[in-house]
Protein chains: 2
Amino acid sequence: MITRLSLFLLLLALFVNFSLADEGMYPISDIHKLNLKAKGLKIDPNALYNPDGVSLIDAIVMVGGCTGSFVSSDGLILTNHHCAFGAAQAASTKENDYIANGFLAKTRAEEAQAIGYTVRITDSYRDVSREVLSAVTEGMDLAERTKAIDRKMKELAAEAEQQHPGKRAEVSEMFAGRTYVLFIYTYLRDVRMVYVPPRSIGEFGGETDNWIWPRHTGDFSFMRVYVAPDGSPADYSPTNVPYKPRKILKVQPAGVDEGDFVFLLGYPGRTNRHRTSHFMQYEEQYRMPYIANLYDWQIAVMKEMGEKDREVAIKHAARIKSLANVMKRFRGQLKGLDRLNLVEKKKLEEADLQRFIDSDPRRNEVYGTVLTEIGKVYEEITSRAESEIILDFLPSSSTMLSAAYRIYEASIERQKPDLERESAYMDRNFPRTKETMLRALADYHDETDRTFLRELLMQAGSLPMNQRVPAIGALLTTGNVERDIASFIDKAYPASKLNNEQYVLELLSTSKEELETINDPFLKLARALYPTYQALKETRQRREGALSKLSALLVDVKEQYLKTAFIPDANRTLRLTFGYIRGYNPADATYYSPITTLKGVIEKTTGEEPFDTPEKVINLANAKEYGRYKHPKLNDVPVAILYNTDTTGGNSGSPVINANGELVGVNFDRAWEATINDFAWSESYSRSIAVDIRYVLWVTEKVGEADHLLTEMGLK
Amino acid sequence: MITRLSLFLLLLALFVNFSLADEGMYPISDIHKLNLKAKGLKIDPNALYNPDGVSLIDAIVMVGGCTGSFVSSDGLILTNHHCAFGAAQAASTKENDYIANGFLAKTRAEEAQAIGYTVRITDSYRDVSREVLSAVTEGMDLAERTKAIDRKMKELAAEAEQQHPGKRAEVSEMFAGRTYVLFIYTYLRDVRMVYVPPRSIGEFGGETDNWIWPRHTGDFSFMRVYVAPDGSPADYSPTNVPYKPRKILKVQPAGVDEGDFVFLLGYPGRTNRHRTSHFMQYEEQYRMPYIANLYDWQIAVMKEMGEKDREVAIKHAARIKSLANVMKRFRGQLKGLDRLNLVEKKKLEEADLQRFIDSDPRRNEVYGTVLTEIGKVYEEITSRAESEIILDFLPSSSTMLSAAYRIYEASIERQKPDLERESAYMDRNFPRTKETMLRALADYHDETDRTFLRELLMQAGSLPMNQRVPAIGALLTTGNVERDIASFIDKAYPASKLNNEQYVLELLSTSKEELETINDPFLKLARALYPTYQALKETRQRREGALSKLSALLVDVKEQYLKTAFIPDANRTLRLTFGYIRGYNPADATYYSPITTLKGVIEKTTGEEPFDTPEKVINLANAKEYGRYKHPKLNDVPVAILYNTDTTGGNSGSPVINANGELVGVNFDRAWEATINDFAWSESYSRSIAVDIRYVLWVTEKVGEADHLLTEMGLK
């Protein structure tokens, strides 16, 4: 027993989400619990976070889905190149290709609008667990329970927004069924591009180097946020003035060195560390392999289509990039799950926890069946995995079908009171939903769409009878699945106008009754599918209700067992993570050190995208024009740094901050082996990647010749 | 001037073929000049090489084109898996697949004949420079000079063979036009397979890992050589007895560790370090890129053909492997030439050497124009590079055309006195020439052959008029190159019987006059091409004559300048190289340590070829059944080792020997960056790879369960 327990504790120390120095995405409310001084912090922790005054976290924003930080008192924001990519793309014309050539505003007047971008600042937060859970009553139906919690969260947000005019409020679930926090945010709407380096620097290495260390990407950009002359949030206007942040981060041009303490602040998206072995097993065996294979195939199809036609290649570029990114991450995670043997380890932990529960009759009474009940939910999910996953990807694989489904669903949801709608159809979100749809239509390519839809319909049509959904069954008129699907496709595409943006916009404000009179094959298919998806939604709400209840109990008993409090999984709320600049051994006989240099940029340069370093960089490197940015030991300009902090998607653009609270890097990726972070943190493999501040400044000064920005940051 | 000179010396220290501790493939005659004790050798250097007695070099053999070493007094030889591959393939049947399953003889009687294999032992050597060069007279025509040297070398060998009945003699050129050595060899003809591990161990990683470190390949095999009962060389016979070597290498099961001194003995093939910048430029700009691209394309064609038909895939497998190997090496060399900027560095050295020559009028008189004259030869070569390279690859790309050319050439060459023939047609070599042709015919595939020939004829037909050869011009009847070539191909293949082995054998002993009456399109083309190739041969003999003369002068003056003697380029004669077990930095922020382990085998294992580790190995690794082969610090069985000795092709199978003269590994590859060895040695990049003796013994004992071999080596 002792042996198994020590093994368990050892495994905990290695893989689980608490009790370890370098692991954890701490909510700002938990920062005070950390002894950061002992870890290496040299400033007063209150300077980092102080709910009653101004602190470092006031310099952190969310911008374009990423994190950014204020680096001047005139609202200058430092974030990633890939976070400004959309803005640069939108502002580009045939004459001015800001992606290829980069963008530099020599004066404030030249700063170009970042269309569709907002900057979000966290104003305050408040625990509202009691209020949210007051919506739940004993013996409530499980699906109803989920809906009640959801409604209450929306109500609390709406109330808060009434109390704070001009602000936006959101309730975030920290621990399912247990802890909820209300955040008040300021949204600023006039965001502009200031300096975006050329793609050959900012995206150097492209897809090939994505998730890869050693890395040589200058993934940074400068943006600026503007407000009305009275300081209030405002839409873009030439009369707007730079926003004055409450706090800015001091930029430290000396950078960091191997072994140095660093911390990051940012908005990590989603982790699943509190989930049980059942969830991981489902992900490992069903969902992730399905998606990775599907995306692999879709990427291959799109590449083939693009080979025949350059215009099609351009249309597919962004989608290929995004699918490839997910696919590579999933492959990394699958490798990590296997390599760390995570499911087995989780099972072992759970067996020990069960023994702890069983060792006390009163504990057993409350918690005795929690794990087996969770297991039952996943048994149900697993038993229907194939058909449910296919249903999930059926509409999203086809722009036509997904437009049809959105249109039909909108006609129903938009009739409901705002707070009861699916989030995409709430007044606050509907404009963005429309925008996303129109963007997809702009990249529509008929042959690709047909190929994808045919494949998904074939999969759905080939399911065993008892899993096949009625709407698909109805397409199979002759019983020869392949022929029936082909015949539907051949007739449907020429007969539909849903690839017309104007028409789609019209239909998005058409009533359900009118829609039902329109003779469009995709609208008809969407209507036929609707009941199936409604039933699936209800099923999932029921499962979520069950899991929410059970998870709350699980966290309770785990806290009793391990005698410690936990950090909630990442959920796009502001978090702190800390660690050290550190290399790693990704494989036998291989060691990667934690600082790359300009030498490596030249080594990788082939002259062809994505390794087409600008001539200017090559010449500066050859002439050893390092300026003050030379690393004393490496005798070269550092380009990227590696550290063992705990990050996930959404941490893009997070400032890497040194022990003195100064900015020394901009986080932009993880090492491939660190994709496992979403499930577990590992000292061996969890490594995140930033562009080194020395490379940011070297490129800005020597390549961009944007000395005015260095002056603005107080570095000249 | 001082600065340039110091730079030159620094570059020398880094890149050139002398004055450096760890560089050099020393002829055995030079071993005594080395202070090996100071480098780390712990035994008497006389034990290593002693012309008057028995020494370690007597344990070294050449086997199947590789190096091997005697490890038991019963003629047991340890070499590479890939060196025994051909034997295992030839001995395999449908029922007994020795490639897939490996081969183990449990008794001597079960040892299987290695068909076509010989074992060569170096008996003695003698400097014959004076004799060879006596054939050269002042003012001799340059082509005639080349022929005279060639004839003299053959004569000396023939004489020596008369003096040493049963032996084989060869004269090797050490320094062109300057130094020649006569070697006397014993050839043993009864070679047998003893233990060949399965391909999934011996070729683990396959093409993917070829030229790659970190490596996890168990590339070893045991063979045995037999002689007649009276001890004389004999063909295979059941009555033969094991050969009793004069010396064997002691196998050291404790292996080596990082930093340890090691040396290798073996038969490295060919290096080009004494060549000038002109040669390297030609290789970098013309020959290597042409071949790498051609092979890339040929591999792609063969793979595509194989995808349609499994039988075709099998036919093409060996050729794909061999082309891929060369192609990957060339790509590595091209990268290395670029990365080390070798041509520029050579030019800088040559400019300094020229200044040294010019600084003394008498020196200038003798050597003043050597470098410019060499440059002129390469100017000529370069000006005709395209057409000459195409001509080189024209016959060899097509089995049909190459058979036709061989047949026609044989009919002419075989008429000449033996010593005046092209080497392939000398009596001693002709049987092997035939064998090679028949092997190519056995793998003949019509569509592939047509595709290759069409491409090469298209290239030859598309050359500018002044470079186009008459035989090709004659095919272009309409002037539309593509149509004319297609028409030739379409008519020629059905009309020829040269893919029939029996017919080819007949034609190989048919007279020129008779051949000229045969109406075969390929024979006709070969005849039409013959004068062109004869002229090219003459041209090359002239160039070689010039270069041979000039190179001798160049080596003279370089010796005066650098005040040191040189090591000749590798030429398949016995050499020693020494160095240390050492990791390296192949790229920015990347360090590879020099010992891989079983853990890495498991990490790479995917279950699919070439990463399909046998179940038995996986189970033994999981159970940590390391036996006595565990590395104390790595806590695992070492699989491969890396060291900075100087090797090239032909060093395959070379024993890696520790400071005490004991065998600790079997050399089988270089790291990719070390392909540059053929042009220059580099402390940063020159690394060779061996299978660690601990893995050899672990596999033999635990996987092969061949305890009798351990007993035979005195290890049980």
# chains A, B, ... in the order shown; residues from 1 in each chain; ligands from 1
$ interface_residues --of "chain A" --to "chain B" --cutoff "10 Å" --atoms "only C-alpha atoms" --output "ChimeraX atom specification"
/A:213-216,339,583,585,587-604
$ select_by_dssp --residues "segment 551-596 of chain A" --states "strand (DSSP E)" --output "list in words"
Arg575, Leu576, Thr577, Phe578, Gly579, Tyr580, Tyr584, Asn585, Pro586, Ala587, Thr590, Tyr591, Tyr592, Ile595 and Thr596 of chain A
$ write_last_selection --atoms "N, CA and C atoms" --output "tab-separated table (two decimals), in the first residue's frame"
chain	number	residue	atom	x	y	z
A	575	ARG	N	-4.85	34.78	-16.38
A	575	ARG	CA	-4.08	33.84	-15.58
A	575	ARG	C	-2.61	34.24	-15.52
A	576	LEU	N	-1.98	33.79	-14.45
A	576	LEU	CA	-0.53	33.93	-14.32
A	576	LEU	C	0.10	32.54	-14.33
A	577	THR	N	1.22	32.42	-15.01
A	577	THR	CA	1.99	31.17	-14.94
A	577	THR	C	3.45	31.56	-14.83
A	578	PHE	N	4.23	30.78	-14.08
A	578	PHE	CA	5.64	31.15	-13.92
A	578	PHE	C	6.53	29.94	-14.14
A	579	GLY	N	7.79	30.20	-14.37
A	579	GLY	CA	8.74	29.11	-14.61
A	579	GLY	C	10.13	29.67	-14.87
A	580	TYR	N	10.91	28.92	-15.65
A	580	TYR	CA	12.31	29.28	-15.86
A	580	TYR	C	12.69	29.06	-17.32
A	584	TYR	N	15.38	21.32	-23.08
A	584	TYR	CA	14.80	20.01	-22.78
A	584	TYR	C	15.33	18.94	-23.72
A	585	ASN	N	15.03	17.69	-23.36
A	585	ASN	CA	15.40	16.52	-24.15
A	585	ASN	C	14.15	15.95	-24.81
A	586	PRO	N	13.89	16.30	-26.05
A	586	PRO	CA	12.67	15.79	-26.67
A	586	PRO	C	12.77	14.33	-27.07
A	587	ALA	N	14.00	13.84	-27.24
A	587	ALA	CA	14.18	12.46	-27.69
A	587	ALA	C	15.56	11.98	-27.26
A	590	THR	N	19.15	13.75	-27.64
A	590	THR	CA	18.89	15.06	-28.23
A	590	THR	C	18.59	16.08	-27.14
A	591	TYR	N	19.31	17.19	-27.16
A	591	TYR	CA	19.04	18.26	-26.22
A	591	TYR	C	18.87	19.57	-26.97
A	592	TYR	N	17.80	20.28	-26.66
A	592	TYR	CA	17.60	21.59	-27.25
A	592	TYR	C	17.85	22.64	-26.18
A	595	ILE	N	17.77	29.09	-25.99
A	595	ILE	CA	17.85	30.40	-26.67
A	595	ILE	C	18.38	30.18	-28.09
A	596	THR	N	17.59	30.56	-29.08
A	596	THR	CA	18.08	30.49	-30.46
A	596	THR	C	18.63	31.85	-30.87
$ atom_distance --atom1 "atom CA of Asn644 of chain A" --atom2 "atom CA of Ser684 of chain A"
8.8 Å
$ closest_atom_pairs --of "segment 321-435 of chain B" --to "segment 686-707 of chain B" --cutoff "12 Å" --atoms "only C-alpha atoms" --output "tab-separated table"
residue	atom	partner	partner_atom	distance
B:Gly332	CA	B:Ser686	CA	12.0
B:Gln333	CA	B:Ser686	CA	11.6
B:Gly336	CA	B:Ser686	CA	10.5
$ select_by_dssp --residues "segment 258-372 of chain B" --states "alpha helix (DSSP H)" --output "tab-separated table (two decimals) with N, CA and C atoms, in the first residue's frame"
chain	number	residue	atom	x	y	z
B	277	SER	N	39.99	24.52	-55.64
B	277	SER	CA	38.69	25.19	-55.64
B	277	SER	C	37.95	24.95	-56.95
B	278	HIS	N	38.70	24.83	-58.05
B	278	HIS	CA	38.07	24.65	-59.36
B	278	HIS	C	37.25	23.37	-59.40
B	279	PHE	N	37.83	22.30	-58.86
B	279	PHE	CA	37.12	21.03	-58.81
B	279	PHE	C	35.86	21.16	-57.97
B	280	MET	N	35.99	21.76	-56.79
B	280	MET	CA	34.84	21.87	-55.89
B	280	MET	C	33.73	22.70	-56.52
B	281	GLN	N	34.14	23.78	-57.20
B	281	GLN	CA	33.15	24.63	-57.83
B	281	GLN	C	32.37	23.84	-58.90
B	282	TYR	N	33.12	23.06	-59.67
B	282	TYR	CA	32.48	22.24	-60.70
B	282	TYR	C	31.51	21.24	-60.06
B	288	MET	N	27.11	17.59	-58.95
B	288	MET	CA	26.27	17.10	-57.85
B	288	MET	C	24.81	17.54	-57.98
B	289	PRO	N	24.51	18.82	-58.30
B	289	PRO	CA	23.10	19.17	-58.43
B	289	PRO	C	22.43	18.39	-59.57
B	290	TYR	N	23.18	18.19	-60.69
B	290	TYR	CA	22.58	17.43	-61.80
B	290	TYR	C	22.19	16.04	-61.32
B	291	ILE	N	23.12	15.36	-60.66
B	291	ILE	CA	22.87	13.98	-60.25
B	291	ILE	C	21.78	13.92	-59.19
B	292	ALA	N	21.84	14.83	-58.22
B	292	ALA	CA	20.82	14.81	-57.15
B	292	ALA	C	19.43	15.00	-57.76
B	293	ASN	N	19.31	15.92	-58.72
B	293	ASN	CA	18.00	16.15	-59.34
B	293	ASN	C	17.57	14.96	-60.19
B	294	LEU	N	18.52	14.42	-60.96
B	294	LEU	CA	18.19	13.27	-61.80
B	294	LEU	C	17.73	12.10	-60.93
B	295	TYR	N	18.46	11.82	-59.86
B	295	TYR	CA	18.09	10.69	-58.99
B	295	TYR	C	16.77	10.94	-58.29
B	296	ASP	N	16.56	12.15	-57.86
B	296	ASP	CA	15.27	12.51	-57.26
B	296	ASP	C	14.13	12.13	-58.19
B	297	TRP	N	14.30	12.54	-59.44
B	297	TRP	CA	13.27	12.28	-60.44
B	297	TRP	C	13.15	10.78	-60.71
B	298	GLN	N	14.28	10.11	-60.85
B	298	GLN	CA	14.24	8.67	-61.13
B	298	GLN	C	13.59	7.90	-59.98
B	299	ILE	N	13.89	8.31	-58.76
B	299	ILE	CA	13.28	7.65	-57.60
B	299	ILE	C	11.76	7.84	-57.63
B	300	ALA	N	11.34	9.09	-57.94
B	300	ALA	CA	9.90	9.37	-57.99
B	300	ALA	C	9.22	8.51	-59.06
B	301	VAL	N	9.87	8.39	-60.23
B	301	VAL	CA	9.30	7.56	-61.31
B	301	VAL	C	9.18	6.12	-60.83
B	302	MET	N	10.27	5.59	-60.23
B	302	MET	CA	10.25	4.18	-59.82
B	302	MET	C	9.21	3.93	-58.73
B	303	LYS	N	9.07	4.89	-57.83
B	303	LYS	CA	8.06	4.72	-56.77
B	303	LYS	C	6.66	4.69	-57.37
B	304	GLU	N	6.42	5.58	-58.33
B	304	GLU	CA	5.11	5.62	-58.97
B	304	GLU	C	4.83	4.30	-59.69
B	305	MET	N	5.83	3.80	-60.42
B	305	MET	CA	5.64	2.52	-61.12
B	305	MET	C	5.32	1.42	-60.10
B	306	GLY	N	6.01	1.47	-58.97
B	306	GLY	CA	5.84	0.44	-57.95
B	306	GLY	C	4.48	0.50	-57.28
B	307	GLU	N	3.91	1.69	-57.25
B	307	GLU	CA	2.60	1.82	-56.60
B	307	GLU	C	1.51	1.03	-57.33
B	308	LYS	N	1.70	0.92	-58.64
B	308	LYS	CA	0.70	0.21	-59.44
B	308	LYS	C	0.87	-1.28	-59.33
B	310	ARG	N	3.05	-4.40	-57.16
B	310	ARG	CA	3.94	-4.79	-56.08
B	310	ARG	C	5.22	-5.44	-56.59
B	311	GLU	N	5.08	-6.23	-57.68
B	311	GLU	CA	6.24	-6.94	-58.22
B	311	GLU	C	7.27	-5.94	-58.76
B	312	VAL	N	6.76	-4.89	-59.40
B	312	VAL	CA	7.64	-3.84	-59.91
B	312	VAL	C	8.32	-3.13	-58.73
B	313	ALA	N	7.57	-2.91	-57.66
B	313	ALA	CA	8.13	-2.26	-56.48
B	313	ALA	C	9.33	-3.05	-55.97
B	314	ILE	N	9.20	-4.37	-55.93
B	314	ILE	CA	10.29	-5.22	-55.44
B	314	ILE	C	11.49	-5.13	-56.38
B	315	LYS	N	11.23	-5.14	-57.69
B	315	LYS	CA	12.32	-5.00	-58.66
B	315	LYS	C	13.09	-3.70	-58.45
B	316	HIS	N	12.37	-2.64	-58.15
B	316	HIS	CA	13.00	-1.33	-58.05
B	316	HIS	C	13.62	-1.06	-56.68
B	317	ALA	N	13.29	-1.90	-55.68
B	317	ALA	CA	13.66	-1.57	-54.29
B	317	ALA	C	15.16	-1.28	-54.12
B	318	ALA	N	16.00	-2.18	-54.63
B	318	ALA	CA	17.43	-2.02	-54.40
B	318	ALA	C	17.96	-0.76	-55.10
B	319	ARG	N	17.47	-0.52	-56.32
B	319	ARG	CA	17.96	0.64	-57.07
B	319	ARG	C	17.51	1.94	-56.41
B	320	ILE	N	16.26	1.97	-55.95
B	320	ILE	CA	15.78	3.16	-55.23
B	320	ILE	C	16.66	3.41	-54.02
B	321	LYS	N	16.93	2.33	-53.27
B	321	LYS	CA	17.74	2.47	-52.06
B	321	LYS	C	19.11	3.04	-52.40
B	322	SER	N	19.70	2.54	-53.45
B	322	SER	CA	21.05	2.98	-53.77
B	322	SER	C	21.05	4.41	-54.30
B	323	LEU	N	20.08	4.77	-55.15
B	323	LEU	CA	20.01	6.15	-55.64
B	323	LEU	C	19.70	7.11	-54.49
B	324	ALA	N	18.78	6.69	-53.60
B	324	ALA	CA	18.40	7.57	-52.49
B	324	ALA	C	19.59	7.85	-51.59
B	325	ASN	N	20.40	6.80	-51.42
B	325	ASN	CA	21.58	6.95	-50.57
B	325	ASN	C	22.53	8.00	-51.14
B	326	VAL	N	22.80	7.90	-52.45
B	326	VAL	CA	23.69	8.87	-53.10
B	326	VAL	C	23.07	10.26	-53.08
B	327	MET	N	21.78	10.31	-53.41
B	327	MET	CA	21.09	11.59	-53.50
B	327	MET	C	21.14	12.32	-52.16
B	328	LYS	N	20.84	11.58	-51.08
B	328	LYS	CA	20.83	12.21	-49.76
B	328	LYS	C	22.25	12.67	-49.39
B	329	ARG	N	23.24	11.88	-49.77
B	329	ARG	CA	24.62	12.27	-49.50
B	329	ARG	C	24.98	13.53	-50.26
B	330	PHE	N	24.62	13.58	-51.54
B	330	PHE	CA	24.92	14.77	-52.34
B	330	PHE	C	24.23	16.00	-51.77
B	331	ARG	N	22.97	15.84	-51.36
B	331	ARG	CA	22.26	16.98	-50.79
B	331	ARG	C	22.99	17.46	-49.52
B	332	GLY	N	23.44	16.50	-48.74
B	332	GLY	CA	24.19	16.85	-47.54
B	332	GLY	C	25.48	17.56	-47.89
B	333	GLN	N	26.16	17.06	-48.90
B	333	GLN	CA	27.43	17.68	-49.31
B	333	GLN	C	27.20	19.07	-49.86
B	334	LEU	N	26.16	19.22	-50.65
B	334	LEU	CA	25.86	20.55	-51.20
B	334	LEU	C	25.58	21.52	-50.07
B	335	LYS	N	24.82	21.05	-49.08
B	335	LYS	CA	24.54	21.90	-47.92
B	335	LYS	C	25.84	22.24	-47.19
B	336	GLY	N	26.70	21.23	-47.05
B	336	GLY	CA	27.96	21.44	-46.34
B	336	GLY	C	28.88	22.39	-47.09
B	337	LEU	N	28.97	22.23	-48.42
B	337	LEU	CA	29.82	23.13	-49.21
B	337	LEU	C	29.36	24.56	-49.04
B	338	ASP	N	28.02	24.73	-49.03
B	338	ASP	CA	27.45	26.06	-48.88
B	338	ASP	C	27.69	26.59	-47.47
B	339	ARG	N	27.40	25.73	-46.50
B	339	ARG	CA	27.48	26.12	-45.10
B	339	ARG	C	28.91	26.47	-44.69
B	342	LEU	N	33.04	26.42	-48.66
B	342	LEU	CA	34.32	25.78	-48.95
B	342	LEU	C	35.04	26.31	-50.17
B	343	VAL	N	34.28	26.58	-51.23
B	343	VAL	CA	34.93	27.05	-52.46
B	343	VAL	C	35.66	28.36	-52.18
B	344	GLU	N	34.97	29.28	-51.49
B	344	GLU	CA	35.60	30.56	-51.19
B	344	GLU	C	36.84	30.37	-50.32
B	345	LYS	N	36.73	29.45	-49.38
B	345	LYS	CA	37.87	29.23	-48.49
B	345	LYS	C	39.05	28.64	-49.24
B	346	LYS	N	38.77	27.69	-50.12
B	346	LYS	CA	39.83	27.11	-50.94
B	346	LYS	C	40.48	28.19	-51.78
B	347	LYS	N	39.66	29.10	-52.33
B	347	LYS	CA	40.20	30.17	-53.17
B	347	LYS	C	41.15	31.06	-52.37
B	348	LEU	N	40.73	31.34	-51.16
B	348	LEU	CA	41.54	32.17	-50.28
B	348	LEU	C	42.88	31.49	-49.99
B	349	GLU	N	42.83	30.19	-49.69
B	349	GLU	CA	44.06	29.42	-49.46
B	349	GLU	C	44.96	29.47	-50.69
B	350	GLU	N	44.32	29.29	-51.86
B	350	GLU	CA	45.11	29.23	-53.09
B	350	GLU	C	45.75	30.59	-53.38
B	351	ALA	N	45.04	31.65	-53.06
B	351	ALA	CA	45.61	32.99	-53.27
B	351	ALA	C	46.83	33.16	-52.38
B	352	ASP	N	46.75	32.66	-51.15
B	352	ASP	CA	47.90	32.77	-50.26
B	352	ASP	C	49.07	31.92	-50.74
B	353	LEU	N	48.75	30.74	-51.22
B	353	LEU	CA	49.78	29.87	-51.75
B	353	LEU	C	50.46	30.53	-52.95
B	354	GLN	N	49.65	31.17	-53.79
B	354	GLN	CA	50.19	31.84	-54.98
B	354	GLN	C	51.16	32.95	-54.55
B	355	ARG	N	50.79	33.69	-53.50
B	355	ARG	CA	51.69	34.74	-53.00
B	355	ARG	C	53.01	34.14	-52.52
B	356	PHE	N	52.92	33.00	-51.85
B	356	PHE	CA	54.13	32.31	-51.39
B	356	PHE	C	54.99	31.92	-52.60
B	357	ILE	N	54.35	31.39	-53.63
B	357	ILE	CA	55.09	30.98	-54.83
B	357	ILE	C	55.76	32.19	-55.47
B	358	ASP	N	54.99	33.28	-55.58
B	358	ASP	CA	55.51	34.46	-56.28
B	358	ASP	C	56.61	35.17	-55.51
B	361	PRO	N	61.65	34.04	-56.90
B	361	PRO	CA	61.69	33.90	-58.37
B	361	PRO	C	61.93	32.46	-58.82
B	362	ARG	N	62.80	31.73	-58.09
B	362	ARG	CA	63.06	30.36	-58.53
B	362	ARG	C	61.82	29.48	-58.34
B	363	ARG	N	61.14	29.71	-57.23
B	363	ARG	CA	59.91	28.96	-56.96
B	363	ARG	C	58.89	29.30	-58.03
B	364	ASN	N	58.84	30.59	-58.32
B	364	ASN	CA	57.86	31.03	-59.31
B	364	ASN	C	58.11	30.37	-60.66
B	365	GLU	N	59.38	30.18	-60.99
B	365	GLU	CA	59.69	29.57	-62.28
B	365	GLU	C	59.11	28.15	-62.39
B	366	VAL	N	59.24	27.40	-61.29
B	366	VAL	CA	58.78	26.00	-61.32
B	366	VAL	C	57.27	25.88	-61.13
B	367	TYR	N	56.74	26.65	-60.17
B	367	TYR	CA	55.35	26.44	-59.77
B	367	TYR	C	54.40	27.58	-60.15
B	370	VAL	N	51.09	26.72	-61.93
B	370	VAL	CA	50.39	25.47	-61.60
B	370	VAL	C	48.89	25.71	-61.37
B	371	LEU	N	48.58	26.67	-60.51
B	371	LEU	CA	47.16	26.90	-60.18
B	371	LEU	C	46.37	27.40	-61.39
B	372	THR	N	46.95	28.32	-62.15
B	372	THR	CA	46.20	28.80	-63.31
B	372	THR	C	46.03	27.71	-64.35
